[in-house]
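*Asks:* Got a structure for you, questions after.
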Amino acid sequence: MHRQRLSRLMKLSWDIQRTKRHNRSKSLTAAWAIIGNEDITVFYLTRRLNHHKPIKQTALHQMGLFMR
């Protein structure tokens, strides 16, 4: 479980580093923020993709970026 979480963190940080051209430290910090605040990240992504239309509470609880 712990190893899976770390591998997701490393993969995400490598993607951030490659696409945003950040240094290793900055990309790890960004990846940690995304994974650590998954519920908030999903909320803002769904609002943005739905063009800021209201989202039902039941739908929000079904969404997630990573398995827990």
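Labeling convention for the structure tokens: chains A, B, ... as they appear, residues from 1 per chain, ligands from 1 in order of appearance.
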DSSP says helix (DSSP H, G or I) for which residues of chain A? Put them as a ChimeraX atom specification?
*Replies:* /A:2-20,24-36,38-49,57-60
*Asks:* Counting only C-alpha atoms, what is within 12 Å of A:Leu6, bar same-chain residues fewer than 5 positions away, as an NGL selection string?
*Replies:* :A and (1 or 11-13 or 28 or 31-32 or 35-36 or 66)
*Asks:* Take the residues from that selection and put them in a file with N, CA, C and O atoms, as a short mmCIF file (atom, residue, chain, number, x, y, z; two decimals), in the first residue's frame.
*Replies:*
data_model
loop_
_atom_site.label_atom_id
_atom_site.label_comp_id
_atom_site.auth_asym_id
_atom_site.auth_seq_id
_atom_site.Cartn_x
_atom_site.Cartn_y
_atom_site.Cartn_z
N MET A 1 0.83 -1.20 0.00
CA MET A 1 0.00 0.00 0.00
C MET A 1 0.86 1.25 0.00
O MET A 1 0.67 2.15 -0.81
N LYS A 11 5.58 8.93 -10.12
CA LYS A 11 5.13 9.01 -11.52
C LYS A 11 4.51 10.37 -11.81
O LYS A 11 4.81 11.00 -12.82
N LEU A 12 3.67 10.83 -10.90
CA LEU A 12 3.04 12.14 -11.07
C LEU A 12 4.09 13.25 -11.07
O LEU A 12 4.03 14.17 -11.89
N SER A 13 5.06 13.18 -10.17
CA SER A 13 6.08 14.23 -10.12
C SER A 13 6.97 14.21 -11.37
O SER A 13 7.37 15.25 -11.86
N LEU A 28 8.05 17.51 -7.09
CA LEU A 28 7.64 16.63 -5.99
C LEU A 28 6.67 17.34 -5.05
O LEU A 28 5.71 16.74 -4.57
N ALA A 31 3.28 17.43 -6.81
CA ALA A 31 2.65 16.10 -6.80
C ALA A 31 2.13 15.76 -5.41
O ALA A 31 1.05 15.19 -5.28
N TRP A 32 2.89 16.08 -4.39
CA TRP A 32 2.46 15.81 -3.01
C TRP A 32 1.19 16.60 -2.68
O TRP A 32 0.28 16.09 -2.01
N ILE A 35 -1.81 14.82 -4.48
CA ILE A 35 -2.20 13.56 -3.85
C ILE A 35 -2.73 13.79 -2.43
O ILE A 35 -3.70 13.17 -2.02
N GLY A 36 -2.13 14.72 -1.72
CA GLY A 36 -2.56 14.99 -0.35
C GLY A 36 -3.93 15.63 -0.25
O GLY A 36 -4.63 15.49 0.75
N PHE A 66 -7.24 8.41 -7.19
CA PHE A 66 -6.43 7.25 -6.88
C PHE A 66 -7.21 6.29 -5.98
O PHE A 66 -8.05 6.69 -5.21
#
*Asks:* Take atom CA of A:Ser25 and atom CA of A:Leu45 and report the distance between them in Å, one decimal.
*Replies:*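 Computing the Euclidean distance for atom CA of A:Ser25 and atom CA of A:Leu45 yields 24.2 Å.
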*Asks:* For each of A:Arg48, A:Arg5, A:Phe43, A:Met10, take the minimum atom-to-atom distance to A:Thr29, counting only C-alpha atoms, then give the residue where this is smallest.
*Replies:* A:Met10
*Asks:* Please indicate the distance in Å from atom CA of A:Ser27 to atom CA of A:Trp14, rounded to one decimal place.
*Replies:*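 Here the two named atoms are 7.2 Å from each other.
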*Asks:* Please, what distance in Å, to one decimal, runs between atom CA of A:Pro54 and atom CA of A:Ile16?
*Replies:*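 That distance, rounded to one decimal, is 29.3 Å.
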